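**Q** Here it is: the structure, laid out below.
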Amino acid sequence: MKKLEEYVRSIPDFPEPGIIFRDVTSVLQDADGLHLAIESMQKLLEGVDFDVIVGAESRGFVFGTPIAYNLHKPFVLVRKKGKLPCETISKEYDLEYGSAVIEMHKDSIKPGQKVVLVDDLIATGGTIEAAAQLVEELGGQVVKIIFLMELAGLKGRERLAKYPVASVLRYEGK
């Protein structure tokens, strides 16, 4: 059986020279790769006491939903502004070139709930930090944040230092 890193396609000089793009679609397009990715991420939660999984749009949905299903936990969406139909709370955060806003339904996390955040990739950590702040604003407690891949050179883990963070694959560059 192949190792998970063998399913990740690396594309040099994308989106700019000197960057190696780690393509998650090559994992998703292979049934064995997808299965291994979900199992590997789920193992990061062994021994963690939690009530709900929150996934960031959109690949956090792809990985978080099957983990929530397997562990019989509810799944909560964090979406881009204007995509959720009920009353929401929002958080603006900085991107490399500009800013963005994410939202959650106001009733999606109950005070005291223990929450795991899931996304495919940690780069600078801005999106998932904003998601964690939304969870906390609703009274939830972030007990773990998990990723399939980590680009260590972008120092997202440092930005999330107050949370337990784990990734399946770690790449030293950007």
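Scheme for the structure tokens: letters A, B, ... for chains in order shown; per-chain residue numbers from 1; ligand numbers from 1 in order shown.
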Need to verify the contact set: Glu87 (chain A), 9 Å, only C-alpha atoms, exclusion of same-chain residues closer than 3 positions in sequence. Can you return it as a list of chain:residue names?

**A**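 Using only C-alpha atoms, the neighbours found are A:Leu84, A:Met104, A:His105, A:Lys106, A:Asp107.
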
**Q** Could you save those same residues with N, CA, C and O atoms as a short mmCIF file (atom, residue, chain, number, x, y, z; two decimals), in the first residue's frame?

**A**
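result-v5.cif was written with the following content:
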```
data_model
loop_
_atom_site.label_atom_id
_atom_site.label_comp_id
_atom_site.auth_asym_id
_atom_site.auth_seq_id
_atom_site.Cartn_x
_atom_site.Cartn_y
_atom_site.Cartn_z
N LEU A 84 -24.76 31.40 4.31
CA LEU A 84 -25.60 30.69 5.28
C LEU A 84 -26.95 31.37 5.41
O LEU A 84 -27.02 32.60 5.49
N MET A 104 -20.60 31.68 10.69
CA MET A 104 -21.24 30.47 11.23
C MET A 104 -22.65 30.85 11.65
O MET A 104 -22.90 32.01 12.01
N HIS A 105 -23.54 29.87 11.66
CA HIS A 105 -24.85 30.11 12.24
C HIS A 105 -24.70 30.37 13.73
O HIS A 105 -23.90 29.70 14.40
N LYS A 106 -25.47 31.30 14.25
CA LYS A 106 -25.41 31.66 15.67
C LYS A 106 -25.77 30.49 16.58
O LYS A 106 -25.30 30.42 17.71
N ASP A 107 -26.60 29.58 16.09
CA ASP A 107 -27.05 28.46 16.93
C ASP A 107 -26.26 27.17 16.68
O ASP A 107 -26.65 26.11 17.14
#
```

**Q** Give me the residues within 6 Å of region 65-79 of chain A as a PyMOL selection string, counting only C-alpha atoms and dropping any in the same chain fewer than 4 places off.

**A** chain A and resi 52-57+61+102-104

**Q** What is the CA of Ile146 (chain A)-CA of Glu46 (chain A) distance in Å, reported with one decimal?

**A**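 Distance reported for this atom pair: 11.9 Å.
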
**Q** Can you tell me, as a tab-separated table (two decimals) with N, CA and C atoms, in the first residue's frame, what residues are no more than 9 Å from Gly173 (chain A) when counting only C-alpha atoms, ignoring any on the same chain fewer than 2 positions away?

**A**
```tsv
chain	number	residue	atom	x	y	z
A	19	ILE	N	7.73	28.30	-5.49
A	19	ILE	CA	6.71	27.68	-4.65
A	19	ILE	C	6.42	26.28	-5.18
A	20	ILE	N	6.29	25.31	-4.27
A	20	ILE	CA	5.85	23.96	-4.65
A	20	ILE	C	4.42	23.82	-4.14
A	151	LEU	N	2.11	23.45	5.69
A	151	LEU	CA	3.24	24.13	5.05
A	151	LEU	C	3.97	24.89	6.16
A	152	ALA	N	4.94	24.22	6.78
A	152	ALA	CA	5.59	24.74	7.99
A	152	ALA	C	6.28	26.07	7.76
A	153	GLY	N	6.77	26.31	6.56
A	153	GLY	CA	7.48	27.55	6.26
A	153	GLY	C	6.63	28.80	6.36
A	154	LEU	N	5.30	28.64	6.36
A	154	LEU	CA	4.40	29.79	6.46
A	154	LEU	C	3.99	30.08	7.91
A	171	TYR	N	5.24	19.68	5.37
A	171	TYR	CA	6.21	20.10	4.37
A	171	TYR	C	6.95	21.30	4.94
```

**Q** Pull the helix (DSSP H, G or I) assignments for region 65-147 of chain A out of DSSP run on the backbone, and list those residues as number ranges by chain.

**A** A: 65-71, 126-137

**Q** Could you find all residues in region 5-174 of chain A that DSSP calls strand (DSSP E) from the backbone, and write them as a PyMOL selection string?

**A** chain A and resi 9-12+20-23+52-56+75-80+88-95+98-105+114-122+141-151+165-171

**Q** Can you pull out the residues contacting region 39-42 of chain A? Cut-off 12 Å, using only C-alpha atoms, and skip same-chain residues under 6 positions away; I want them as a ChimeraX atom specification.

**A** /A:3-5,32-33,48,53,60,62-71,116-121,144-149,165-169

**Q** Those residues with C-alpha atoms, as a tab-separated table (two decimals), in the first residue's frame please?

**A**
```
chain	number	residue	atom	x	y	z
A	3	LYS	CA	1.98	6.09	1.82
A	4	LEU	CA	-0.28	9.13	1.96
A	5	GLU	CA	2.45	11.49	0.75
A	32	ASP	CA	-7.25	4.52	-1.60
A	33	GLY	CA	-5.72	7.97	-1.11
A	48	VAL	CA	-9.69	13.56	22.32
A	53	ILE	CA	-16.61	18.92	14.38
A	60	GLY	CA	-12.73	21.29	5.54
A	62	VAL	CA	-14.61	17.28	2.39
A	63	PHE	CA	-12.49	15.91	5.24
A	64	GLY	CA	-14.55	16.90	8.28
A	65	THR	CA	-17.87	15.42	7.22
A	66	PRO	CA	-16.69	11.79	6.84
A	67	ILE	CA	-14.81	12.03	10.14
A	68	ALA	CA	-17.94	13.36	11.84
A	69	TYR	CA	-19.97	10.57	10.23
A	70	ASN	CA	-17.51	7.88	11.30
A	71	LEU	CA	-17.37	9.16	14.89
A	116	VAL	CA	-12.54	20.07	16.79
A	117	LEU	CA	-11.73	22.20	13.75
A	118	VAL	CA	-10.85	20.47	10.46
A	119	ASP	CA	-9.30	21.76	7.26
A	120	ASP	CA	-7.16	20.34	4.48
A	121	LEU	CA	-4.15	22.64	4.79
A	144	LYS	CA	-8.03	20.34	18.74
A	145	ILE	CA	-7.37	21.59	15.22
A	146	ILE	CA	-6.40	19.03	12.58
A	147	PHE	CA	-5.13	19.30	9.03
A	148	LEU	CA	-4.19	16.87	6.30
A	149	MET	CA	-1.16	18.95	5.26
A	165	VAL	CA	-2.70	21.52	16.40
A	166	ALA	CA	-1.87	18.37	14.46
A	167	SER	CA	-1.27	17.59	10.80
A	168	VAL	CA	-0.83	14.30	9.00
A	169	LEU	CA	1.76	15.54	6.49
```
